[in-house]
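data.cif follows (mmCIF, C-alpha atoms):
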data_data
#
loop_
_atom_site.label_atom_id
_atom_site.label_comp_id
_atom_site.auth_asym_id
_atom_site.auth_seq_id
_atom_site.Cartn_x
_atom_site.Cartn_y
_atom_site.Cartn_z
CA MET A 1 16.08 12.68 15.36
CA PRO A 2 16.62 14.26 11.92
CA ALA A 3 13.57 15.91 10.45
CA ALA A 4 11.83 14.29 7.50
CA ILE A 5 11.99 15.95 4.10
CA GLU A 6 9.13 15.99 1.63
CA ILE A 7 9.84 16.00 -2.11
CA PRO A 8 7.20 16.24 -4.86
CA THR A 9 6.96 13.35 -7.30
CA THR A 10 5.33 13.08 -10.71
CA LEU A 11 4.25 10.64 -13.42
CA ALA A 12 5.00 13.26 -16.09
CA HIS A 13 8.43 11.92 -17.07
CA ALA A 14 8.39 8.11 -16.80
CA ARG A 15 4.59 7.91 -17.21
CA GLY A 16 4.58 4.40 -15.72
CA GLY A 17 6.60 5.30 -12.64
CA TYR A 18 6.94 8.17 -10.19
CA THR A 19 10.07 10.30 -10.38
CA ALA A 20 11.68 12.74 -7.98
CA THR A 21 14.40 15.29 -8.68
CA ALA A 22 17.96 14.65 -7.48
CA ARG A 23 20.96 16.87 -8.20
CA PHE A 24 24.37 15.46 -9.03
CA GLY A 25 27.88 16.78 -8.75
CA GLU A 26 29.53 20.14 -8.27
CA HIS A 27 26.99 21.98 -10.43
CA GLY A 28 23.87 20.25 -9.09
CA ASP A 29 22.82 18.78 -12.44
CA PRO A 30 19.11 17.91 -12.01
CA ALA A 31 17.86 14.45 -12.91
CA GLN A 32 14.42 12.89 -12.74
CA LEU A 33 14.85 9.48 -11.07
CA ILE A 34 12.27 6.68 -10.96
CA LEU A 35 11.55 5.67 -7.36
CA ASP A 36 11.96 1.91 -7.31
CA THR A 37 11.52 -0.28 -4.23
CA GLY A 38 12.36 -3.31 -6.39
CA SER A 39 16.06 -2.43 -6.74
CA SER A 40 18.85 -0.66 -4.84
CA THR A 41 21.10 0.95 -7.43
CA LEU A 42 21.28 4.70 -8.02
CA VAL A 43 21.91 5.31 -11.72
CA VAL A 44 21.82 8.44 -13.85
CA ARG A 45 22.13 8.93 -17.61
CA PRO A 46 24.79 11.26 -19.07
CA GLN A 47 22.07 13.32 -20.76
CA ALA A 48 21.25 14.66 -17.29
CA TYR A 49 24.59 14.53 -15.48
CA ALA A 50 27.73 15.95 -17.11
CA ALA A 51 30.42 13.91 -15.36
CA ALA A 52 33.25 15.42 -17.40
CA ARG A 53 32.71 18.89 -15.86
CA ASP A 54 32.12 17.72 -12.29
CA GLY A 55 35.03 18.92 -10.17
CA HIS A 56 33.83 16.81 -7.24
CA LEU A 57 33.86 13.54 -9.18
CA ALA A 58 36.08 10.72 -7.95
CA ALA A 59 36.47 7.66 -10.16
CA THR A 60 36.35 4.14 -8.71
CA PRO A 61 37.54 0.71 -9.86
CA TRP A 62 33.98 -0.59 -9.89
CA VAL A 63 31.53 -1.35 -12.67
CA GLN A 64 27.84 -2.17 -12.37
CA GLU A 65 25.69 -4.26 -14.68
CA ILE A 66 22.06 -4.37 -13.57
CA ARG A 67 19.15 -6.33 -15.04
CA TYR A 68 15.47 -5.61 -14.52
CA GLY A 69 12.36 -7.37 -15.75
CA GLY A 70 12.41 -5.14 -18.83
CA GLY A 71 16.05 -4.52 -19.75
CA ALA A 72 19.62 -3.99 -18.56
CA TRP A 73 22.47 -1.47 -18.48
CA ALA A 74 26.15 -1.28 -17.57
CA GLY A 75 28.40 1.60 -16.57
CA PRO A 76 31.09 2.94 -14.23
CA VAL A 77 30.52 3.64 -10.54
CA LEU A 78 31.32 7.24 -9.61
CA LYS A 79 31.58 9.10 -6.32
CA SER A 80 30.35 12.67 -6.03
CA ARG A 81 27.90 15.03 -4.38
CA LEU A 82 24.22 14.07 -4.33
CA ALA A 83 21.50 16.49 -3.21
CA PHE A 84 17.75 16.26 -2.65
CA GLY A 85 15.10 18.81 -1.80
CA HIS A 86 15.18 22.58 -1.51
CA GLY A 87 15.50 25.11 1.31
CA HIS A 88 14.96 23.59 4.74
CA HIS A 89 14.08 20.32 2.98
CA ALA A 90 17.55 20.10 1.36
CA ARG A 91 19.90 17.21 2.19
CA VAL A 92 23.34 16.48 0.71
CA ILE A 93 25.74 13.52 0.63
CA ASP A 94 29.21 14.61 -0.47
CA ASP A 95 30.50 11.14 -1.33
CA ALA A 96 27.51 9.26 -2.74
CA LEU A 97 28.13 6.25 -4.96
CA PHE A 98 26.13 6.01 -8.17
CA ALA A 99 26.44 4.61 -11.68
CA CYS A 100 26.40 6.56 -14.92
CA CYS A 101 25.17 4.64 -17.94
CA GLU A 102 24.07 5.09 -21.50
CA THR A 103 20.87 3.33 -22.45
CA ASP A 104 17.91 3.95 -24.71
CA ASP A 105 14.85 5.88 -23.55
CA THR A 106 12.66 2.80 -23.18
CA LEU A 107 14.48 1.28 -20.19
CA PHE A 108 13.84 4.24 -17.89
CA GLN A 109 10.62 5.20 -19.70
CA GLY A 110 11.89 8.69 -20.52
CA ALA A 111 13.29 9.43 -17.04
CA ASP A 112 16.92 10.35 -16.40
CA GLY A 113 17.69 7.33 -14.28
CA LEU A 114 16.52 5.35 -11.30
CA TRP A 115 16.82 5.49 -7.53
CA GLY A 116 16.61 2.02 -6.02
CA LEU A 117 15.21 2.17 -2.48
CA ALA A 118 15.67 -1.47 -1.48
CA TYR A 119 18.49 -3.09 0.50
CA ARG A 120 22.24 -3.56 0.10
CA ASP A 121 22.22 -7.01 -1.55
CA LEU A 122 20.61 -5.55 -4.69
CA ASP A 123 23.47 -3.08 -5.25
CA PRO A 124 26.33 -5.26 -6.55
CA ALA A 125 29.47 -4.00 -8.31
CA TRP A 126 32.55 -5.66 -9.78
CA ASP A 127 36.16 -4.57 -9.41
CA VAL A 128 37.82 -4.36 -12.84
CA SER A 129 41.07 -2.70 -11.68
CA PRO A 130 43.29 -5.84 -12.01
CA LEU A 131 42.31 -6.28 -15.65
CA LEU A 132 42.56 -2.58 -16.44
CA GLY A 133 46.05 -2.53 -14.89
CA GLN A 134 47.09 -5.46 -17.07
CA GLN A 135 45.77 -3.59 -20.11
CA GLY A 136 47.87 -0.52 -19.31
CA HIS A 137 45.21 1.76 -17.87
CA ALA A 138 46.80 4.04 -15.27
CA PRO A 139 45.19 4.56 -12.89
CA PRO A 140 43.09 1.37 -13.32
CA LEU A 141 39.70 3.01 -12.83
CA SER A 142 36.36 2.57 -14.60
CA TRP A 143 36.04 6.28 -15.45
CA PRO A 144 36.53 7.39 -18.19
CA TRP A 145 34.62 4.32 -19.38
CA PRO A 146 37.15 1.98 -21.01
CA TYR A 147 34.70 -0.26 -22.86
CA ASP A 148 32.50 0.06 -25.93
CA GLN A 149 30.43 3.20 -25.82
CA GLY A 150 26.67 3.43 -25.60
CA HIS A 151 24.46 0.79 -27.14
CA ALA A 152 27.39 -0.87 -28.97
CA LEU A 153 28.16 -2.75 -25.73
CA ASP A 154 26.99 -6.38 -25.91
CA LEU A 155 25.45 -6.63 -22.46
CA GLY A 156 25.08 -10.40 -22.57
CA ARG A 157 28.77 -11.03 -23.25
CA PHE A 158 29.78 -8.18 -20.97
CA GLN A 159 27.83 -9.74 -18.10
CA ASP A 160 29.69 -13.04 -18.57
CA PHE A 161 33.02 -11.18 -18.47
CA LEU A 162 32.11 -8.93 -15.58
CA HIS A 163 30.83 -11.66 -13.30
CA GLN A 164 34.26 -13.31 -13.37
CA GLN A 165 35.73 -10.27 -11.57
CA PRO A 166 35.79 -9.67 -7.79
CA ARG A 167 32.33 -8.73 -6.53
CA THR A 168 31.34 -6.28 -3.82
CA HIS A 169 28.15 -4.59 -2.62
CA LEU A 170 27.85 -0.81 -2.61
CA GLN A 171 26.11 1.22 0.03
CA PRO A 172 22.78 2.30 -1.49
CA ALA A 173 22.04 6.02 -1.37
CA PHE A 174 19.12 5.77 1.05
CA THR A 175 21.16 3.55 3.36
CA ALA A 176 23.96 6.15 3.25
CA LEU A 177 21.52 8.90 4.21
CA GLU A 178 20.37 6.84 7.19
CA GLU A 179 23.78 5.60 8.35
CA GLU A 180 25.28 9.09 8.19
CA GLY A 181 22.48 10.35 10.45
CA VAL A 182 20.89 12.50 7.75
CA LEU A 183 17.56 10.64 7.87
CA ARG A 184 15.70 8.07 9.90
CA ASN A 185 15.53 4.57 8.44
CA ARG A 186 12.17 4.96 6.77
CA PHE A 187 10.57 6.65 3.79
CA ALA A 188 7.03 7.07 2.52
CA LEU A 189 5.32 7.50 -0.82
CA SER A 190 2.00 9.12 -1.60
CA ILE A 191 0.71 7.59 -4.83
CA GLY A 192 -2.37 8.58 -6.82
CA ARG A 193 -2.54 6.16 -9.74
CA ALA A 194 -0.37 3.66 -11.59
CA LEU A 195 -0.11 5.26 -15.05
CA ALA A 196 0.10 8.86 -16.17
CA HIS A 197 -3.23 10.62 -16.70
CA VAL A 198 -3.25 12.11 -20.22
CA THR A 199 -6.17 14.13 -21.57
CA HIS A 200 -4.66 15.70 -24.72
CA ASP A 201 -2.46 14.46 -27.54
CA ASN A 202 1.24 15.27 -27.16
CA PRO A 203 0.98 17.13 -23.85
CA SER A 204 3.99 19.05 -22.60
CA VAL A 205 5.84 17.90 -19.51
CA ALA A 206 4.66 21.07 -17.75
CA ALA A 207 1.03 20.24 -18.54
CA MET A 208 1.49 16.70 -17.28
CA GLU A 209 3.09 17.97 -14.07
CA ALA A 210 0.23 20.42 -13.54
CA ASP A 211 -2.37 17.64 -13.58
CA PRO A 212 -3.07 16.77 -9.91
CA LEU A 213 -3.72 13.14 -10.88
CA ASN A 214 -0.05 12.85 -11.88
CA ARG A 215 1.35 14.16 -8.61
CA GLY A 216 2.63 12.38 -5.53
CA ALA A 217 5.14 12.81 -2.74
CA LEU A 218 8.28 11.17 -1.41
CA VAL A 219 8.93 11.62 2.31
CA LEU A 220 12.51 10.76 3.24
CA GLY A 221 12.88 9.83 6.88
CA GLY A 222 9.19 10.33 7.60
CA GLY A 223 6.02 8.37 8.10
CA ALA A 224 2.87 8.62 10.19
CA GLU A 225 3.62 12.17 11.35
CA GLN A 226 2.90 13.46 7.80
CA GLN A 227 -0.82 13.56 8.57
CA HIS A 228 -1.59 15.93 5.70
CA LEU A 229 -0.80 13.12 3.25
CA TYR A 230 -3.22 10.45 4.51
CA ARG A 231 -6.46 9.84 6.37
CA GLY A 232 -7.74 7.02 8.54
CA GLY A 233 -5.79 4.13 10.00
CA PHE A 234 -2.98 2.02 8.63
CA GLN A 235 -2.95 -1.56 7.40
CA ASP A 236 0.40 -3.27 7.92
CA ILE A 237 2.27 -5.85 5.86
CA ARG A 238 5.11 -7.86 7.36
CA ILE A 239 8.39 -7.77 5.43
CA VAL A 240 9.79 -11.29 5.64
CA HIS A 241 13.09 -10.91 3.78
CA ASP A 242 15.37 -7.97 3.02
CA LEU A 243 16.40 -9.00 -0.47
CA TYR A 244 13.56 -6.92 -1.85
CA TYR A 245 10.62 -5.68 0.20
CA ASN A 246 9.49 -9.30 0.34
CA ALA A 247 6.04 -10.16 1.71
CA ASN A 248 3.97 -13.30 2.04
CA LEU A 249 0.94 -13.08 -0.26
CA CYS A 250 -1.50 -15.55 1.30
CA ALA A 251 -4.57 -15.30 -0.94
CA VAL A 252 -6.37 -13.29 -3.61
CA ARG A 253 -10.14 -12.82 -3.69
CA VAL A 254 -11.91 -11.65 -6.86
CA GLY A 255 -15.03 -9.69 -5.95
CA SER A 256 -17.13 -11.64 -3.47
CA GLY A 257 -15.71 -14.98 -4.61
CA ASP A 258 -13.88 -17.54 -2.53
CA PRO A 259 -10.27 -16.78 -1.60
CA ILE A 260 -7.68 -18.14 -4.03
CA PRO A 261 -4.81 -19.56 -1.94
CA VAL A 262 -1.39 -18.40 -3.15
CA PRO A 263 1.32 -21.06 -2.80
CA PRO A 264 4.45 -20.17 -0.82
CA LEU A 265 7.71 -19.86 -2.71
CA ASP A 266 9.43 -23.20 -3.26
CA ALA A 267 11.99 -23.75 -0.50
CA SER A 268 14.77 -24.13 -3.06
CA ARG A 269 14.19 -20.54 -4.22
CA VAL A 270 13.90 -18.75 -0.90
CA ALA A 271 17.64 -17.97 -0.68
CA SER A 272 17.65 -16.28 -4.11
CA MET A 273 14.12 -14.79 -4.22
CA GLY A 274 13.07 -14.24 -0.60
CA SER A 275 9.32 -14.95 -0.67
CA ASN A 276 6.35 -15.40 -2.98
CA ALA A 277 5.71 -11.66 -3.43
CA LEU A 278 7.64 -8.41 -3.60
CA LEU A 279 6.35 -4.87 -3.26
CA ASP A 280 7.75 -2.96 -6.21
CA THR A 281 6.99 0.70 -6.92
CA GLY A 282 9.14 0.48 -10.05
CA CYS A 283 6.56 -1.82 -11.68
CA SER A 284 3.35 -0.48 -13.24
CA PHE A 285 1.48 -3.80 -13.05
CA LEU A 286 0.24 -6.52 -10.71
CA VAL A 287 2.26 -9.48 -11.98
CA PHE A 288 0.98 -12.74 -10.49
CA GLU A 289 2.66 -16.14 -10.40
CA ALA A 290 1.28 -18.57 -12.98
CA GLY A 291 -1.22 -20.55 -10.89
CA THR A 292 -2.59 -17.46 -9.16
CA TYR A 293 -2.93 -15.59 -12.46
CA ALA A 294 -4.81 -18.49 -14.06
CA ALA A 295 -7.16 -18.69 -11.07
CA ILE A 296 -7.81 -14.91 -11.23
CA MET A 297 -8.67 -15.18 -14.93
CA ALA A 298 -11.02 -18.08 -14.20
CA ALA A 299 -12.72 -16.04 -11.47
CA LEU A 300 -13.10 -13.10 -13.86
CA ALA A 301 -14.66 -15.45 -16.41
CA ARG A 302 -17.21 -16.59 -13.83
CA HIS A 303 -18.06 -12.94 -13.27
CA ASP A 304 -18.36 -12.26 -17.01
CA PRO A 305 -17.16 -14.67 -19.75
CA ARG A 306 -15.86 -11.71 -21.81
CA HIS A 307 -13.44 -10.46 -19.16
CA PRO A 308 -10.39 -12.71 -19.78
CA ASP A 309 -10.48 -11.91 -23.51
CA LEU A 310 -10.55 -8.18 -22.77
CA VAL A 311 -7.52 -8.61 -20.51
CA GLU A 312 -5.68 -10.38 -23.35
CA GLN A 313 -6.72 -7.67 -25.81
CA SER A 314 -5.26 -5.07 -23.47
CA GLN A 315 -1.99 -7.00 -23.20
CA ARG A 316 -1.67 -7.24 -26.98
CA ALA A 317 -2.48 -3.55 -27.37
CA PHE A 318 0.14 -2.62 -24.77
CA GLN A 319 2.80 -4.67 -26.57
CA ALA A 320 1.96 -2.66 -29.71
CA GLY A 321 2.26 0.61 -27.77
CA ASN A 322 -1.46 1.25 -27.41
CA GLY A 323 -4.37 0.76 -25.04
CA LEU A 324 -8.01 -0.13 -25.47
CA PRO A 325 -10.67 2.51 -26.11
CA GLN A 326 -12.26 3.55 -22.83
CA HIS A 327 -15.76 2.84 -24.09
CA ALA A 328 -14.82 -0.85 -24.31
CA ILE A 329 -14.33 -1.09 -20.53
CA GLU A 330 -16.65 0.00 -17.76
CA PRO A 331 -14.75 -0.50 -14.48
CA ARG A 332 -17.95 -0.62 -12.42
CA HIS A 333 -18.80 -3.86 -14.20
CA TRP A 334 -15.52 -5.43 -13.08
CA PRO A 335 -14.92 -6.90 -9.61
CA ASP A 336 -12.51 -5.47 -7.08
CA LEU A 337 -9.48 -7.53 -6.09
CA HIS A 338 -8.60 -8.24 -2.48
CA LEU A 339 -4.97 -9.17 -1.75
CA VAL A 340 -4.41 -10.89 1.59
CA PHE A 341 -0.93 -10.59 3.14
CA GLU A 342 0.72 -11.83 6.30
CA ALA A 343 0.49 -9.07 8.91
CA PRO A 344 3.27 -8.28 11.42
CA ASP A 345 1.30 -9.99 14.22
CA GLY A 346 0.92 -13.19 12.19
CA GLY A 347 -2.66 -12.44 11.19
CA ASP A 348 -3.96 -11.23 7.83
CA THR A 349 -4.01 -7.84 6.15
CA SER A 350 -6.48 -7.56 3.26
CA LEU A 351 -6.01 -4.73 0.76
CA ARG A 352 -8.71 -3.79 -1.74
CA ILE A 353 -7.76 -2.81 -5.29
CA THR A 354 -10.68 -1.36 -7.19
CA ALA A 355 -11.28 -2.09 -10.84
CA SER A 356 -10.66 1.58 -11.67
CA GLN A 357 -7.14 1.15 -10.25
CA TYR A 358 -6.29 -1.87 -12.41
CA TRP A 359 -8.19 -0.40 -15.42
CA PRO A 360 -7.07 3.30 -15.20
CA ARG A 361 -8.72 5.69 -17.64
CA ASN A 362 -6.88 8.16 -19.89
CA ALA A 363 -3.90 5.88 -19.30
CA LEU A 364 -0.79 7.12 -21.18
CA ARG A 365 -3.01 8.42 -23.99
CA PRO A 366 -6.32 10.30 -24.02
CA GLY A 367 -9.39 8.10 -24.25
CA GLN A 368 -7.51 4.87 -23.64
CA THR A 369 -7.39 2.35 -20.82
CA LEU A 370 -5.08 -0.53 -19.95
CA CYS A 371 -5.50 -3.58 -17.75
CA LEU A 372 -2.71 -3.73 -15.20
CA LEU A 373 -3.06 -7.44 -14.39
CA ALA A 374 -0.23 -9.48 -15.89
CA PRO A 375 1.03 -13.08 -16.08
CA PRO A 376 4.43 -13.98 -14.58
CA LEU A 377 7.80 -12.96 -15.95
CA ALA A 378 9.90 -15.89 -17.11
CA HIS A 379 12.73 -15.43 -14.60
CA PHE A 380 10.44 -14.71 -11.61
CA GLY A 381 8.81 -18.13 -11.47
CA GLY A 382 6.71 -18.68 -8.37
CA GLN A 383 6.81 -15.01 -7.39
CA SER A 384 4.30 -12.18 -7.75
CA ILE A 385 5.54 -8.63 -8.40
CA LEU A 386 3.04 -6.22 -6.92
CA GLY A 387 3.50 -2.79 -8.40
CA LEU A 388 1.79 0.58 -8.43
CA PRO A 389 -1.86 -0.62 -8.61
CA LEU A 390 -1.38 -1.99 -5.08
CA PHE A 391 -0.29 1.48 -3.89
CA ALA A 392 -2.71 3.55 -5.99
CA GLY A 393 -4.73 5.92 -3.83
CA ARG A 394 -2.57 5.13 -0.80
CA TYR A 395 0.12 6.57 1.41
CA ALA A 396 2.74 3.86 1.97
CA ILE A 397 5.37 3.93 4.70
CA PHE A 398 8.40 1.67 4.23
CA ASP A 399 9.55 1.46 7.84
CA ARG A 400 12.82 -0.46 7.79
CA ASP A 401 13.36 -0.46 11.58
CA GLN A 402 10.23 -2.36 12.56
CA GLY A 403 9.53 -6.08 12.36
CA HIS A 404 12.69 -7.55 13.93
CA GLY A 405 15.03 -5.60 11.68
CA LEU A 406 13.38 -6.45 8.36
CA GLY A 407 10.68 -3.81 8.42
CA ILE A 408 6.99 -3.37 7.74
CA VAL A 409 5.05 -1.56 5.05
CA ARG A 410 2.13 0.50 6.33
CA LEU A 411 -0.67 1.67 4.03
CA ALA A 412 -3.44 4.21 4.58
CA PRO A 413 -5.78 6.05 2.19
CA ALA A 414 -4.01 9.03 0.64
CA ARG A 415 -5.58 12.44 0.87
CA GLY A 416 -6.79 13.67 -2.51
#
Structure translated into structure tokens:
Amino acid sequence: MPAAIEIPTTLAHARGGYTATARFGEHGDPAQLILDTGSSTLVVRPQAYAAARDGHLAATPWVQEIRYGGGAWAGPVLKSRLAFGHGHHARVIDDALFACCETDDTLFQGADGLWGLAYRDLDPAWDVSPLLGQQGHAPPLSWPWPYDQGHALDLGRFQDFLHQQPRTHLQPAFTALEEEGVLRNRFALSIGRALAHVTHDNPSVAAMEADPLNRGALVLGGGAEQQHLYRGGFQDIRIVHDLYYNANLCAVRVGSGDPIPVPPLDASRVASMGSNALLDTGCSFLVFEAGTYAAIMAALARHDPRHPDLVEQSQRAFQAGNGLPQHAIEPRHWPDLHLVFEAPDGGDTSLRITASQYWPRNALRPGQTLCLLAPPLAHFGGQSILGLPLFAGRYAIFDRDQGHGLGIVRLAPARG
């Protein structure tokens, strides 16, 4: 079997997401990509990748338009060389498919793009060659980009136009690595905390990268054999659908309180959403469906009547680009959360999330903290999006070969 490769990751660039370095094209242009298990598309911004000077580039007739919980982008699909790692950890795909888009810094949180690590159905593209041919483009390809440049593109209207064109699904980059025999069908992430640790105003990227609390690791094709990255045994979560890394969240317990049952996803939504919870390393929060979130807030109020108001204060501060002063929150006075999932054997797997993980200190700015519990997003009704606080302090293996072809996620304590 191919050997696993280990790549360092950091919170220094996106600050609310871990990035790893990938190199694009003939000249190996380096880009810092957010590692996102909640999507499948590989996308890079032109600030990092100079497509016009890439002698390996091949244009395609495809266009992608991708929407996340916090924004959207559109751009051409290109084919070129993609490389990861260095030395004996280096791997290359000569004909990788990826999108190149222009977007503002906020969508990718200051990173150069995003590497979606989920399955094929989340990597759609549309064939615009018939229309481009009618408009006199020869050859009828999406590169050079034939539409409005940059942020002038009306993404709402463009989506309506694009979705009338023939649709296909691209082969995601990780799937290509596995199917070409470069890697085994698994990857792992070692994650320290959910938000960047910042101790000084305006720190340099180098200073952020040097902080051990901002470091992690991506292991492509590897898992339990990387014993230097974890300690103790694993707790396993069954993946029940391969739209996302979909799991069944059965209950949430706040401190020593009674379990809060989490309702299953409505049957009418299973085909489009998979299950009542998804495991999403591209999200910085624990986003709970409406009833579960309300019950968690009520349980926090029983623990201390001031707690729900402090959560709301944190949410308002975050929307204004700030956090709360650390002296306002003492995590040891807050209860731990226990998330109960369906295990591969049909039993339960209970994962503890400490208050210090959902109230991280020196979060994004020195002396500030943020609560990482959040109410549902409007278009994810009935579904919880469980992001980095779930993985904080853990080594997580996304083993896509186990569990009757859908996979399992295995979690163990990360080594410090």
Exercise for review: Using the chain letters and residue numbers of this document, give as a PyMOL selection string the residues selected by the PyMOL selection byres ((chain A and resi 331-336) around 7).
Suggested key: chain A and resi 254-255+329-330+337-338+352-356+359
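Evaluated against the shown file, the PyMOL selection byres ((chain A and resi 175) around 10) gives Ser40, Leu117, Ala118, Tyr119, Arg120, Leu170, Gln171, Pro172, Ala173, Phe174, Ala176, Leu177, Glu178, Glu179, Glu180, Gly181, Val182, Leu183, Arg184, Asn185 and Arg186 of chain A.
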Practice item. Could you please give me, as a list in words, the residues of protein, DNA or RNA lying at most 8 Å from (28.3, 10.6, -13.9) in the coordinate frame of the file, considering all atoms listed in the file? Key: Phe24, Val44, Arg45, Pro46, Tyr49, Ala50, Ala51, Ala52, Leu57, Leu78, Phe98, Ala99, Cys100 and Cys101 of chain A
Check your understanding: Care to translate the PyMOL selection byres ((chain A and resi 286) around 9) into actual residues of this file, as a PyMOL selection string?
Key -> chain A and resi 283-285+287-288+358+372-375+384-390
Check your understanding: Do you know which residues are at most 10 Å from A:Gly223 counting all atoms listed in the file, after dropping those on the same chain fewer than 2 positions away, and could you put them as a ChimeraX atom specification?
Key -> /A:4,184,186-189,219-221,225-227,229,395-399,410
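Using all atoms listed in the file, the shortest contact distance between A:Ile408 and any of A:Asn248, A:Gln109, A:Thr292, A:Thr41 is found at A:Asn248.
Minimum distance to A:Thr37 across A:Ala3, A:Gly321, A:Asp242, A:Leu162 (counting all atoms listed in the file) occurs at A:Asp242.
Atom pair atom CA of A:Leu33 / atom CA of A:Ala20 has a distance of 5.5 Å (rounded to one decimal).
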Review point. Any idea what the distance is between atom CA of A:Ser275 and atom CA of A:Val43?
Key: 26.3 Å
